[in-house]
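Q: My structure file model14.cif, mmCIF, C-alpha atoms and all ligand atoms, is below:
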data_input
#
loop_
_atom_site.label_atom_id
_atom_site.label_comp_id
_atom_site.auth_asym_id
_atom_site.auth_seq_id
_atom_site.Cartn_x
_atom_site.Cartn_y
_atom_site.Cartn_z
CA MET A 1 0.00 0.00 0.00
CA THR A 2 1.50 3.38 -0.91
CA PRO A 3 1.45 6.09 1.75
CA ALA A 4 -0.55 8.37 -0.59
CA ARG A 5 -3.39 5.87 -0.65
CA ALA A 6 -3.59 5.25 3.06
CA PRO A 7 -5.92 8.11 4.13
CA ALA A 8 -8.53 7.36 1.44
CA VAL A 9 -8.48 3.67 2.32
CA ALA A 10 -8.94 4.48 5.96
CA ALA A 11 -11.91 6.70 5.09
CA PHE A 12 -13.60 3.95 3.11
CA ASP A 13 -15.46 1.52 5.31
CA ALA A 14 -16.22 -1.55 3.20
CA GLY A 15 -17.31 -3.40 6.31
CA ARG A 16 -20.13 -0.94 6.94
CA LEU A 17 -21.10 -0.87 3.29
CA ARG A 18 -21.58 -4.65 3.32
CA ALA A 19 -24.53 -4.30 5.66
CA GLN A 20 -26.43 -2.90 2.67
CA PHE A 21 -25.88 -6.14 0.74
CA PRO A 22 -27.96 -8.82 2.45
CA ILE A 23 -26.77 -11.61 0.14
CA LEU A 24 -23.20 -11.25 1.42
CA ALA A 25 -24.17 -12.24 4.95
CA GLN A 26 -24.88 -15.88 4.12
CA GLN A 27 -22.92 -19.08 4.50
CA VAL A 28 -22.06 -21.23 1.49
CA ASN A 29 -21.01 -24.83 2.02
CA GLY A 30 -20.99 -24.14 5.74
CA LYS A 31 -18.50 -21.25 5.37
CA PRO A 32 -19.06 -17.49 5.29
CA LEU A 33 -19.49 -16.45 1.67
CA VAL A 34 -16.48 -14.69 0.14
CA TYR A 35 -17.92 -13.34 -3.10
CA LEU A 36 -15.12 -12.63 -5.58
CA ASP A 37 -17.01 -12.98 -8.85
CA ASN A 38 -17.88 -9.34 -9.24
CA ALA A 39 -16.73 -9.11 -12.84
CA ALA A 40 -19.46 -11.62 -13.70
CA THR A 41 -22.07 -9.70 -11.77
CA THR A 42 -22.12 -7.44 -8.75
CA GLN A 43 -24.43 -7.89 -5.79
CA LYS A 44 -27.32 -5.51 -5.17
CA PRO A 45 -27.77 -3.11 -2.26
CA VAL A 46 -31.10 -2.96 -0.40
CA ALA A 47 -31.81 0.39 -2.08
CA VAL A 48 -31.92 -1.34 -5.49
CA ILE A 49 -33.85 -4.38 -4.28
CA GLU A 50 -36.43 -2.12 -2.62
CA ALA A 51 -36.77 0.15 -5.66
CA ILE A 52 -37.64 -2.86 -7.82
CA ALA A 53 -39.99 -4.35 -5.24
CA SER A 54 -41.80 -1.08 -4.66
CA TYR A 55 -42.11 -0.49 -8.39
CA TYR A 56 -44.00 -3.78 -8.69
CA ARG A 57 -45.85 -3.29 -5.42
CA GLU A 58 -47.00 0.24 -6.05
CA ILE A 59 -46.83 1.49 -9.64
CA ASN A 60 -46.49 -1.42 -12.05
CA SER A 61 -48.09 -0.40 -15.31
CA ASN A 62 -47.07 -0.07 -18.95
CA VAL A 63 -45.28 3.10 -19.99
CA HIS A 64 -46.02 5.86 -22.52
CA ARG A 65 -49.51 4.71 -23.34
CA GLY A 66 -51.82 4.81 -20.40
CA ALA A 67 -54.40 7.47 -19.81
CA HIS A 68 -54.32 6.59 -16.13
CA ALA A 69 -52.41 7.54 -13.02
CA LEU A 70 -50.38 4.35 -12.62
CA SER A 71 -49.13 4.50 -16.17
CA ASP A 72 -48.12 8.12 -15.66
CA ARG A 73 -46.20 7.17 -12.54
CA ALA A 74 -44.51 4.23 -14.22
CA THR A 75 -43.57 6.47 -17.17
CA SER A 76 -42.11 9.11 -14.84
CA ALA A 77 -40.07 6.49 -12.98
CA PHE A 78 -38.86 4.93 -16.23
CA GLU A 79 -37.96 8.22 -17.89
CA GLY A 80 -36.51 9.52 -14.62
CA ALA A 81 -34.11 6.57 -14.70
CA ARG A 82 -33.08 7.58 -18.22
CA ASP A 83 -32.31 11.06 -16.91
CA ALA A 84 -30.24 9.49 -14.14
CA VAL A 85 -28.21 7.51 -16.72
CA CYS A 86 -27.81 10.67 -18.80
CA ARG A 87 -26.23 12.45 -15.82
CA PHE A 88 -24.26 9.35 -14.76
CA ILE A 89 -22.36 9.14 -18.05
CA ASN A 90 -22.60 12.88 -18.83
CA SER A 91 -24.49 12.31 -22.07
CA PRO A 92 -25.23 15.61 -23.83
CA SER A 93 -28.91 14.64 -24.02
CA ARG A 94 -31.36 12.02 -22.75
CA GLU A 95 -32.28 11.11 -26.34
CA GLN A 96 -28.83 9.58 -26.71
CA VAL A 97 -29.48 7.11 -23.90
CA ILE A 98 -31.08 3.97 -25.33
CA TRP A 99 -32.29 1.16 -23.09
CA THR A 100 -31.15 -2.32 -24.03
CA ARG A 101 -30.95 -5.70 -22.30
CA GLY A 102 -27.27 -5.11 -21.57
CA THR A 103 -23.86 -4.67 -23.12
CA THR A 104 -24.34 -7.62 -25.46
CA GLU A 105 -27.54 -6.22 -26.92
CA SER A 106 -26.08 -2.71 -27.14
CA ILE A 107 -23.16 -3.96 -29.22
CA ASN A 108 -25.42 -6.10 -31.38
CA LEU A 109 -27.59 -3.06 -32.02
CA VAL A 110 -24.62 -1.06 -33.31
CA ALA A 111 -23.32 -4.01 -35.34
CA ALA A 112 -26.70 -4.66 -36.95
CA THR A 113 -27.46 -1.03 -37.80
CA PHE A 114 -24.43 1.24 -37.84
CA ALA A 115 -21.94 -1.36 -39.05
CA ARG A 116 -24.16 -3.26 -41.48
CA SER A 117 -25.33 -0.11 -43.21
CA ARG A 118 -21.77 1.10 -43.75
CA LEU A 119 -19.66 -1.99 -44.32
CA ARG A 120 -18.55 -2.88 -47.84
CA ALA A 121 -16.44 -5.77 -49.13
CA GLY A 122 -12.82 -5.36 -48.04
CA ASP A 123 -13.60 -3.07 -45.11
CA GLU A 124 -12.14 -3.77 -41.68
CA ILE A 125 -13.30 -3.51 -38.09
CA LEU A 126 -10.47 -3.38 -35.56
CA VAL A 127 -11.35 -5.22 -32.37
CA SER A 128 -9.35 -5.49 -29.15
CA GLY A 129 -7.42 -8.73 -28.72
CA LEU A 130 -8.66 -8.74 -25.12
CA ALA A 131 -12.30 -8.43 -26.16
CA HIS A 132 -15.18 -10.30 -24.59
CA HIS A 133 -16.96 -12.54 -27.08
CA SER A 134 -19.89 -10.13 -27.09
CA ASN A 135 -17.55 -7.54 -28.58
CA ILE A 136 -16.25 -9.94 -31.24
CA VAL A 137 -19.07 -12.08 -32.56
CA PRO A 138 -21.54 -9.27 -33.44
CA TRP A 139 -18.82 -7.69 -35.61
CA GLN A 140 -18.09 -11.04 -37.25
CA LEU A 141 -21.78 -11.40 -38.09
CA ALA A 142 -21.88 -7.91 -39.60
CA ALA A 143 -18.59 -8.39 -41.44
CA GLU A 144 -19.64 -11.74 -42.87
CA ALA A 145 -22.77 -10.23 -44.38
CA ALA A 146 -20.72 -7.53 -46.14
CA GLY A 147 -17.58 -9.44 -47.06
CA ALA A 148 -15.68 -7.32 -44.58
CA LYS A 149 -13.07 -8.45 -42.03
CA VAL A 150 -12.65 -8.35 -38.28
CA VAL A 151 -9.01 -7.70 -37.40
CA SER A 152 -7.74 -8.08 -33.85
CA ILE A 153 -5.51 -5.52 -32.18
CA PRO A 154 -2.48 -7.40 -30.78
CA VAL A 155 -1.95 -7.79 -27.05
CA THR A 156 1.37 -7.29 -25.25
CA ASP A 157 2.85 -9.80 -22.79
CA ASP A 158 1.52 -7.79 -19.89
CA ALA A 159 -2.02 -7.74 -21.31
CA ARG A 160 -2.10 -4.24 -22.73
CA LEU A 161 -3.13 -3.34 -26.24
CA ASP A 162 -0.12 -2.90 -28.50
CA LEU A 163 -0.64 0.70 -29.58
CA GLU A 164 2.16 0.68 -32.13
CA ALA A 165 0.54 -2.26 -33.86
CA PHE A 166 -2.81 -0.50 -33.55
CA ALA A 167 -1.41 2.60 -35.27
CA ARG A 168 -0.17 0.41 -38.11
CA LEU A 169 -3.50 -1.39 -38.46
CA LEU A 170 -5.56 1.81 -38.56
CA GLY A 171 -5.94 2.55 -42.21
CA GLU A 172 -8.06 3.39 -45.21
CA ARG A 173 -10.13 0.27 -44.80
CA THR A 174 -10.90 0.69 -41.12
CA ARG A 175 -14.56 1.52 -40.56
CA LEU A 176 -14.79 1.08 -36.80
CA VAL A 177 -12.69 0.38 -33.73
CA ALA A 178 -14.30 -1.65 -30.93
CA LEU A 179 -12.63 -2.22 -27.59
CA GLU A 180 -13.41 -2.65 -23.94
CA HIS A 181 -12.78 0.23 -21.57
CA VAL A 182 -11.62 -2.36 -19.00
CA SER A 183 -10.80 -6.03 -19.69
CA ASN A 184 -13.05 -8.51 -17.89
CA ALA A 185 -10.55 -11.36 -18.02
CA MET A 186 -7.45 -9.51 -16.81
CA GLY A 187 -8.59 -6.16 -15.49
CA THR A 188 -6.47 -4.02 -17.82
CA VAL A 189 -7.69 -0.43 -18.05
CA HIS A 190 -6.92 0.77 -21.55
CA PRO A 191 -5.76 4.32 -22.33
CA VAL A 192 -9.03 4.84 -24.16
CA GLU A 193 -8.74 8.60 -24.59
CA ARG A 194 -5.48 8.09 -26.49
CA ILE A 195 -6.90 5.24 -28.56
CA ILE A 196 -9.99 7.26 -29.43
CA ALA A 197 -7.86 10.26 -30.43
CA MET A 198 -5.74 8.02 -32.68
CA ALA A 199 -8.83 6.52 -34.31
CA HIS A 200 -10.50 9.89 -34.78
CA ALA A 201 -7.34 11.29 -36.36
CA ALA A 202 -7.80 8.55 -38.96
CA GLY A 203 -11.51 9.41 -39.30
CA VAL A 204 -12.64 6.18 -37.59
CA PRO A 205 -15.41 6.02 -34.96
CA VAL A 206 -14.93 4.04 -31.73
CA LEU A 207 -17.27 1.87 -29.70
CA LEU A 208 -16.31 1.33 -26.07
CA ASP A 209 -17.59 -1.70 -24.19
CA GLY A 210 -17.95 -0.25 -20.71
CA ALA A 211 -19.28 -3.40 -19.01
CA GLN A 212 -16.33 -3.64 -16.62
CA ALA A 213 -15.70 0.08 -16.21
CA VAL A 214 -19.00 1.37 -14.81
CA GLY A 215 -18.72 -0.55 -11.53
CA HIS A 216 -15.22 0.72 -10.86
CA MET A 217 -14.88 4.29 -12.12
CA PRO A 218 -16.88 7.35 -13.14
CA VAL A 219 -17.51 7.51 -16.89
CA ASP A 220 -17.87 10.72 -18.90
CA VAL A 221 -18.76 9.97 -22.52
CA GLN A 222 -18.14 13.57 -23.59
CA ALA A 223 -14.68 13.68 -22.06
CA LEU A 224 -13.89 10.28 -23.61
CA ASP A 225 -15.28 11.48 -26.95
CA CYS A 226 -16.29 7.90 -27.77
CA ASP A 227 -18.84 7.40 -30.53
CA PHE A 228 -20.70 4.64 -28.71
CA TYR A 229 -20.60 3.41 -25.12
CA ALA A 230 -22.26 0.16 -24.05
CA PHE A 231 -22.82 -1.13 -20.52
CA SER A 232 -24.93 -3.42 -18.33
CA GLY A 233 -26.82 -2.53 -15.16
CA HIS A 234 -25.89 -5.74 -13.36
CA LYS A 235 -22.17 -4.95 -13.36
CA MET A 236 -22.80 -1.75 -11.39
CA PHE A 237 -25.06 -2.93 -8.56
CA GLY A 238 -28.22 -2.73 -10.67
CA PRO A 239 -30.46 -5.52 -11.97
CA THR A 240 -29.84 -7.98 -14.78
CA GLY A 241 -31.67 -7.61 -18.09
CA ILE A 242 -31.17 -3.86 -18.40
CA GLY A 243 -28.36 -1.94 -20.03
CA VAL A 244 -27.60 1.11 -22.06
CA LEU A 245 -26.31 2.15 -25.42
CA TYR A 246 -25.05 5.72 -25.62
CA GLY A 247 -24.26 7.09 -29.06
CA LYS A 248 -23.28 10.39 -30.61
CA ARG A 249 -26.42 12.00 -32.00
CA GLU A 250 -25.14 12.24 -35.56
CA TRP A 251 -24.59 8.46 -35.64
CA LEU A 252 -27.81 7.49 -33.88
CA GLU A 253 -29.84 9.70 -36.20
CA SER A 254 -28.25 8.20 -39.27
CA MET A 255 -28.74 4.57 -38.19
CA PRO A 256 -31.59 2.48 -39.59
CA PRO A 257 -33.95 0.99 -37.01
CA TRP A 258 -33.16 -2.48 -35.70
CA GLN A 259 -36.06 -4.32 -34.12
CA GLY A 260 -39.53 -3.30 -35.28
CA GLY A 261 -42.64 -3.16 -33.15
CA GLY A 262 -44.59 -0.96 -30.80
CA GLU A 263 -42.91 2.07 -29.18
CA MET A 264 -40.44 2.57 -32.05
CA ILE A 265 -42.93 4.03 -34.54
CA GLU A 266 -44.54 7.39 -35.25
CA THR A 267 -47.26 6.07 -37.56
CA VAL A 268 -47.87 2.67 -39.14
CA SER A 269 -49.78 1.85 -42.31
CA PHE A 270 -49.51 -1.01 -44.75
CA GLU A 271 -48.21 1.49 -47.28
CA GLY A 272 -45.30 2.44 -45.05
CA THR A 273 -44.21 3.20 -41.52
CA ARG A 274 -42.64 6.29 -40.02
CA TYR A 275 -40.24 5.66 -37.18
CA ALA A 276 -40.18 7.44 -33.85
CA ALA A 277 -37.54 9.96 -32.87
CA LEU A 278 -34.62 9.08 -30.60
CA PRO A 279 -34.38 7.25 -28.27
CA TYR A 280 -37.63 5.35 -28.92
CA ARG A 281 -36.73 4.42 -32.47
CA PHE A 282 -34.38 1.79 -30.99
CA GLU A 283 -36.68 0.64 -28.19
CA ALA A 284 -39.26 -1.66 -29.78
CA GLY A 285 -41.70 -3.39 -27.43
CA THR A 286 -42.49 -3.06 -23.76
CA PRO A 287 -39.22 -2.17 -22.06
CA HIS A 288 -37.78 -3.63 -18.85
CA ILE A 289 -39.38 -0.92 -16.75
CA ALA A 290 -38.51 -2.39 -13.36
CA GLY A 291 -34.95 -2.92 -14.59
CA ALA A 292 -34.60 0.72 -15.59
CA VAL A 293 -36.02 1.79 -12.22
CA GLY A 294 -33.54 -0.52 -10.49
CA LEU A 295 -30.64 0.85 -12.49
CA GLY A 296 -31.76 4.38 -11.64
CA ALA A 297 -31.69 3.36 -7.96
CA ALA A 298 -28.18 1.90 -8.39
CA ILE A 299 -27.00 5.21 -9.86
CA GLU A 300 -28.54 7.10 -6.96
CA TRP A 301 -26.88 4.68 -4.53
CA LEU A 302 -23.51 5.12 -6.24
CA ALA A 303 -23.89 8.89 -5.99
CA GLY A 304 -23.64 8.45 -2.23
CA ILE A 305 -20.30 6.62 -2.51
CA ASP A 306 -16.96 8.38 -2.53
CA ARG A 307 -15.78 6.78 -5.74
CA ALA A 308 -12.19 7.92 -5.48
CA ALA A 309 -12.01 6.32 -2.04
CA ALA A 310 -13.72 3.18 -3.39
CA THR A 311 -11.14 2.94 -6.18
CA ALA A 312 -8.31 3.38 -3.69
CA HIS A 313 -9.85 0.66 -1.53
CA GLU A 314 -10.11 -1.74 -4.49
CA ASP A 315 -6.52 -0.94 -5.51
CA ALA A 316 -5.40 -1.72 -1.98
CA LEU A 317 -7.26 -5.05 -2.09
CA LEU A 318 -5.42 -5.94 -5.31
CA ALA A 319 -2.06 -4.86 -3.87
CA HIS A 320 -2.77 -6.98 -0.79
CA ALA A 321 -3.67 -9.98 -2.96
CA LEU A 322 -0.50 -9.61 -5.02
CA GLU A 323 1.54 -9.47 -1.85
CA LEU A 324 -0.02 -12.68 -0.52
CA ALA A 325 0.39 -14.31 -3.94
CA ARG A 326 4.16 -14.02 -3.55
CA GLU A 327 3.98 -16.45 -0.65
CA LEU A 328 1.82 -18.98 -2.51
CA PRO A 329 3.98 -21.55 -4.30
CA GLY A 330 2.93 -22.26 -7.89
CA PHE A 331 0.93 -19.04 -8.26
CA ARG A 332 1.16 -17.54 -11.75
CA LEU A 333 -0.46 -14.21 -12.49
CA VAL A 334 -1.91 -13.87 -15.98
CA GLY A 335 -2.24 -10.22 -16.99
CA SER A 336 0.01 -7.76 -15.22
CA ALA A 337 -0.78 -4.43 -16.88
CA PRO A 338 0.39 -1.49 -14.79
CA HIS A 339 -3.07 0.11 -14.89
CA LYS A 340 -5.75 -2.38 -13.96
CA VAL A 341 -8.83 -2.72 -11.82
CA ALA A 342 -8.92 -5.23 -8.96
CA VAL A 343 -9.03 -8.40 -11.04
CA LEU A 344 -6.65 -11.24 -10.24
CA SER A 345 -6.47 -13.72 -13.10
CA PHE A 346 -4.13 -16.58 -12.28
CA LEU A 347 -3.13 -20.20 -12.52
CA LEU A 348 -2.09 -22.55 -9.77
CA GLU A 349 0.60 -24.99 -10.80
CA GLY A 350 -0.68 -28.55 -10.94
CA GLY A 351 -4.33 -27.52 -10.59
CA HIS A 352 -6.84 -27.27 -13.41
CA PRO A 353 -8.67 -23.94 -13.00
CA GLN A 354 -12.02 -25.69 -12.75
CA ASP A 355 -10.80 -27.98 -9.96
CA VAL A 356 -9.30 -25.03 -8.11
CA GLY A 357 -12.64 -23.20 -8.46
CA THR A 358 -14.55 -26.17 -7.04
CA LEU A 359 -12.16 -26.53 -4.12
CA LEU A 360 -12.46 -22.81 -3.39
CA ASP A 361 -16.25 -23.03 -3.55
CA GLN A 362 -16.18 -25.79 -0.94
CA GLN A 363 -14.53 -23.22 1.32
CA GLY A 364 -17.16 -20.57 0.59
CA VAL A 365 -15.00 -18.62 -1.87
CA ALA A 366 -16.77 -17.76 -5.13
CA VAL A 367 -14.49 -17.12 -8.11
CA ARG A 368 -14.90 -17.64 -11.82
CA THR A 369 -12.85 -20.15 -13.76
CA GLY A 370 -12.51 -20.79 -17.48
CA HIS A 371 -12.00 -18.60 -20.53
CA HIS A 372 -14.11 -15.70 -19.25
CA CYS A 373 -15.72 -15.32 -22.69
CA ALA A 374 -12.35 -14.21 -24.04
CA GLN A 375 -11.02 -17.27 -25.87
CA PRO A 376 -8.77 -15.31 -28.26
CA LEU A 377 -7.09 -13.71 -25.22
CA MET A 378 -6.63 -17.10 -23.56
CA ALA A 379 -5.07 -18.38 -26.80
CA ARG A 380 -2.75 -15.35 -26.83
CA PHE A 381 -1.45 -16.40 -23.41
CA GLY A 382 -1.40 -20.08 -24.32
CA VAL A 383 -3.80 -21.10 -21.56
CA PRO A 384 -7.24 -22.73 -21.82
CA GLY A 385 -8.51 -20.55 -19.01
CA THR A 386 -7.65 -18.98 -15.67
CA ILE A 387 -8.98 -18.63 -12.15
CA ARG A 388 -10.33 -15.12 -11.70
CA ALA A 389 -10.93 -13.37 -8.42
CA SER A 390 -12.59 -10.03 -9.12
CA PHE A 391 -13.10 -7.54 -6.32
CA SER A 392 -15.66 -4.86 -5.69
CA LEU A 393 -15.97 -2.00 -3.27
CA TYR A 394 -17.70 -4.16 -0.62
CA ASN A 395 -14.88 -6.71 -0.44
CA THR A 396 -12.57 -6.57 2.55
CA HIS A 397 -8.94 -7.27 3.37
CA ALA A 398 -10.16 -10.16 5.53
CA GLU A 399 -11.68 -11.67 2.38
CA VAL A 400 -8.39 -11.29 0.51
CA GLU A 401 -6.77 -13.22 3.35
CA GLY A 402 -9.63 -15.74 3.21
CA LEU A 403 -8.99 -16.30 -0.50
CA PHE A 404 -5.31 -17.01 0.06
CA ALA A 405 -5.90 -19.19 3.10
CA ALA A 406 -8.29 -21.20 0.92
CA LEU A 407 -5.73 -21.34 -1.91
CA HIS A 408 -3.07 -22.68 0.45
CA LYS A 409 -5.54 -25.42 1.40
CA VAL A 410 -6.27 -26.11 -2.26
CA ARG A 411 -2.56 -26.55 -2.85
CA SER A 412 -2.38 -29.17 -0.17
CA PHE A 413 -5.01 -31.19 -2.09
CA LEU A 414 -3.19 -31.00 -5.43
N1 LIG B 1 -18.13 -7.09 -22.22
C1 LIG B 1 -17.44 -7.31 -21.10
C2 LIG B 1 -16.06 -6.72 -20.98
C3 LIG B 1 -18.00 -8.07 -20.08
O1 LIG B 1 -17.31 -8.29 -18.96
C4 LIG B 1 -19.31 -8.59 -20.24
C5 LIG B 1 -19.94 -9.46 -19.18
N2 LIG B 1 -19.11 -10.45 -18.68
C6 LIG B 1 -19.98 -8.32 -21.42
C7 LIG B 1 -19.37 -7.56 -22.38
C8 LIG B 1 -21.36 -8.82 -21.66
O2 LIG B 1 -22.25 -8.21 -20.76
P1 LIG B 1 -23.74 -8.74 -20.64
O3 LIG B 1 -23.65 -10.22 -20.47
O4 LIG B 1 -24.26 -8.04 -19.43
O5 LIG B 1 -24.45 -8.35 -21.88
#
Just give me the structure as structure tokens.
Ligand code: PMP

A:
Amino acid sequence: MTPARAPAVAAFDAGRLRAQFPILAQQVNGKPLVYLDNAATTQKPVAVIEAIASYYREINSNVHRGAHALSDRATSAFEGARDAVCRFINSPSREQVIWTRGTTESINLVAATFARSRLRAGDEILVSGLAHHSNIVPWQLAAEAAGAKVVSIPVTDDARLDLEAFARLLGERTRLVALEHVSNAMGTVHPVERIIAMAHAAGVPVLLDGAQAVGHMPVDVQALDCDFYAFSGHKMFGPTGIGVLYGKREWLESMPPWQGGGEMIETVSFEGTRYAALPYRFEAGTPHIAGAVGLGAAIEWLAGIDRAAATAHEDALLAHALELARELPGFRLVGSAPHKVAVLSFLLEGGHPQDVGTLLDQQGVAVRTGHHCAQPLMARFGVPGTIRASFSLYNTHAEVEGLFAALHKVRSFL
């Protein structure tokens, strides 16, 4: 722990925060739960759980269409949540905040509309070599339809993007750059401002997959100057099944609609249909109203957190883990970028990741094992998968110690 970090860490009381997360207080396999699978999904504070419950208990109704009080209230709550997202990411307008099911659907939306309408044979989409499958496959689908190509941006030995190689790959044929703000498998935080500036200098728009960033750091889409930003509510203490696509207005307005149905139209006739204005043009069907309300509550809850102190706390957890790792024989870190969030991806000599995961689970420690939906990245490091402990602001130093005590036990079984 560096001396500069110490005061912020001291000010951040993860122990007290945990009281707001009832799920964390349980025992698993007869042991106190140590939840270290936060990159897969974060747990939910009471404020979010209650917001969803009270939505269903008190105002459940469909939005935008009712001539009755409940529908008005549901619409206000739903649109209020959009306003909260708008402020949360500093979008220039609420019309640029589109509700989706999550990061995956947000990226698919851009691939199916923006990319498909622009791609021609021979074009290229540059995609991060650390990308999650949901930021690879949609581009492959779009490229295949057009005879275009998805080209991966090489990864360095310490799990950064190779920016020199990126500069060489950026060219006349590049139509889009897609990368994650933060890597889910290894925690690397990319220098996205620099990457975006490089792409823009070549006239290429950039989509950022923010799934792993929103739970760890404030995001300002205007400061980033990204063209699209995609994220999921469940990675930032909100519910599953709700997410957001932010886009620059000029792009969103030029994109053809994706799914057709109610909500996304102005008028419909069998002779032709006129589509609704933003954001509704991309929101066909009854939306996940309770999900939006829950995400709004998560944003409000996060507003009460000192995020700089939370980041310092998470950094200290990672530093602590790395220190303890030095005393664990056979521990091999995979992904050692200098700037990373609190994600520890590793291997334990002689132990298949899945077996290690099972043995940890028996001791109440929840981690993720496998390829983390990043098979090309695993191939880059020559491993089939890793064990991943991913920390959040409610994790404690006692839990870091618990993880390593459990790993020492695992070693004795191998
Ligand atoms: N991108 C990254 C970097 C992720 O970590 C995830 C979730 N693991 C996704 C995309 C997909 O998010 P979702 O499943 O919520 O759509």

Q: For a quick check of understanding, using all atoms listed in the file, which of A:Asp209, A:Asp306, A:Glu144, A:Glu79 has the smallest distance to ligand LIG 1 (chain B)?

A: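 Among the listed residues, A:Asp209 lies closest to ligand LIG 1 (chain B).
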
Q: Box for region 354-365 of chain A - axis-aligned, 5 Å on each of the six sides, all listed atoms - centre and size in Å to one decimal, as lines of an AutoDock Vina configuration file.

A:
center_x = -13.2
center_y = -23.3
center_z = -5.7
size_x = 17.9
size_y = 19.4
size_z = 24.1

Q: Write out as a list in words the residues lying within 12 Å of His190 (chain A), counting only C-alpha atoms and excluding same-chain residues fewer than 6 positions away.

A: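 Non-adjacent residues within range: Ser128, Gly129, Leu130, Ala131, Val155, Ala159, Arg160, Leu161, Asp162, Leu163, Leu179, Glu180, His181, Val182, Ser183, Asn184, Ile196, Leu208, Asp209, Gly210, Gln212, Ala213, Leu224, Ala337, Pro338, His339, Lys340 and Val341 of chain A.
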
Q: Show me which residues line ligand LIG 1 (chain B), defined as having an atom within 8 Å of a ligand atom where only C-alpha atoms and all ligand atoms count, and present them as JSON, numbers by chain.

A: {"A": [39, 40, 41, 101, 102, 103, 104, 105, 106, 131, 132, 133, 134, 135, 180, 181, 182, 183, 184, 185, 209, 210, 211, 212, 231, 232, 233, 234, 235, 240, 241, 243, 372, 373]}

Q: Between CA of Arg173 (chain A) and CA of Gly122 (chain A), what is the distance, to one decimal in Å?

A: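 Distance reported for this atom pair: 7.0 Å.
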
Q: One number please: CA of Leu278 (chain A) to CA of Val206 (chain A), in Å, one decimal.

A: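 Separating CA of Leu278 (chain A) from CA of Val206 (chain A) is a distance of 20.4 Å.
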
Q: Nearest to Ala121 (chain A) among A:Gly364, A:Pro218, A:Gly147, A:Pro256, with distances taken over only C-alpha atoms: which residue is it?

A: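 Once distances to Ala121 (chain A) are computed over only C-alpha atoms, the minimum belongs to A:Gly147.
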
Q: Measure the distance from CA of Ala25 (chain A) to CA of Thr42 (chain A) in Å and round it to one decimal.

A: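 Taking CA of Ala25 (chain A) and CA of Thr42 (chain A), their separation equals 14.7 Å.
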
Q: Out of A:Thr386, A:Arg281, A:Gly370, A:Asn29, which residue has the shortest atom-to-atom distance to Arg332 (chain A) when counting only C-alpha atoms?

A: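 Among A:Thr386, A:Arg281, A:Gly370, A:Asn29, it is A:Thr386 that comes nearest to Arg332 (chain A).
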
Q: Counting all atoms listed in the file, which residue out of A:Lys409, A:Arg249, A:His216, A:Arg57 sits closest to Thr311 (chain A)?

A: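 Result for the nearest residue to Thr311 (chain A): A:His216.
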
Q: Give me the residues within 8 Å of Val204 (chain A) as a ChimeraX atom specification, counting only C-alpha atoms and dropping any in the same chain fewer than 6 places off.

A: /A:174-177

Q: From (-41.1, 6.5, -17.1), in the file's coordinates, out to 12 Å: which residues are reached, counting all atoms listed in the file? Answer as a PyMOL selection string.

A: chain A and resi 55+59-66+70-84+99+286-293+296

Q: Can you list, as a ChimeraX atom specification, every protein, DNA or RNA residue that comes within 12 Å of Gly382 (chain A) when you count all atoms listed in the file, leaving out same-chain residues fewer than 5 positions away?

A: /A:157,334,347,371,375-377

Q: Please provide the set of residues having any atom within 12 Å of Pro45 (chain A), restricted to all atoms listed in the file, with same-chain residues fewer than 6 positions apart removed, written as a list in words.

A: Leu17, Arg18, Ala19, Gln20, Phe21, Pro22, Ile23, Leu24, Ala51, Ile52, His234, Met236, Phe237, Gly238, Pro239, Gly294, Leu295, Ala297, Ala298, Ile299, Glu300, Trp301, Leu302, Leu393 and Tyr394 of chain A

Q: Which is closest to Leu403 (chain A) among A:Leu36, A:Ile153, A:Ala69, A:Ala148, if we use all atoms listed in the file?

A: A:Leu36
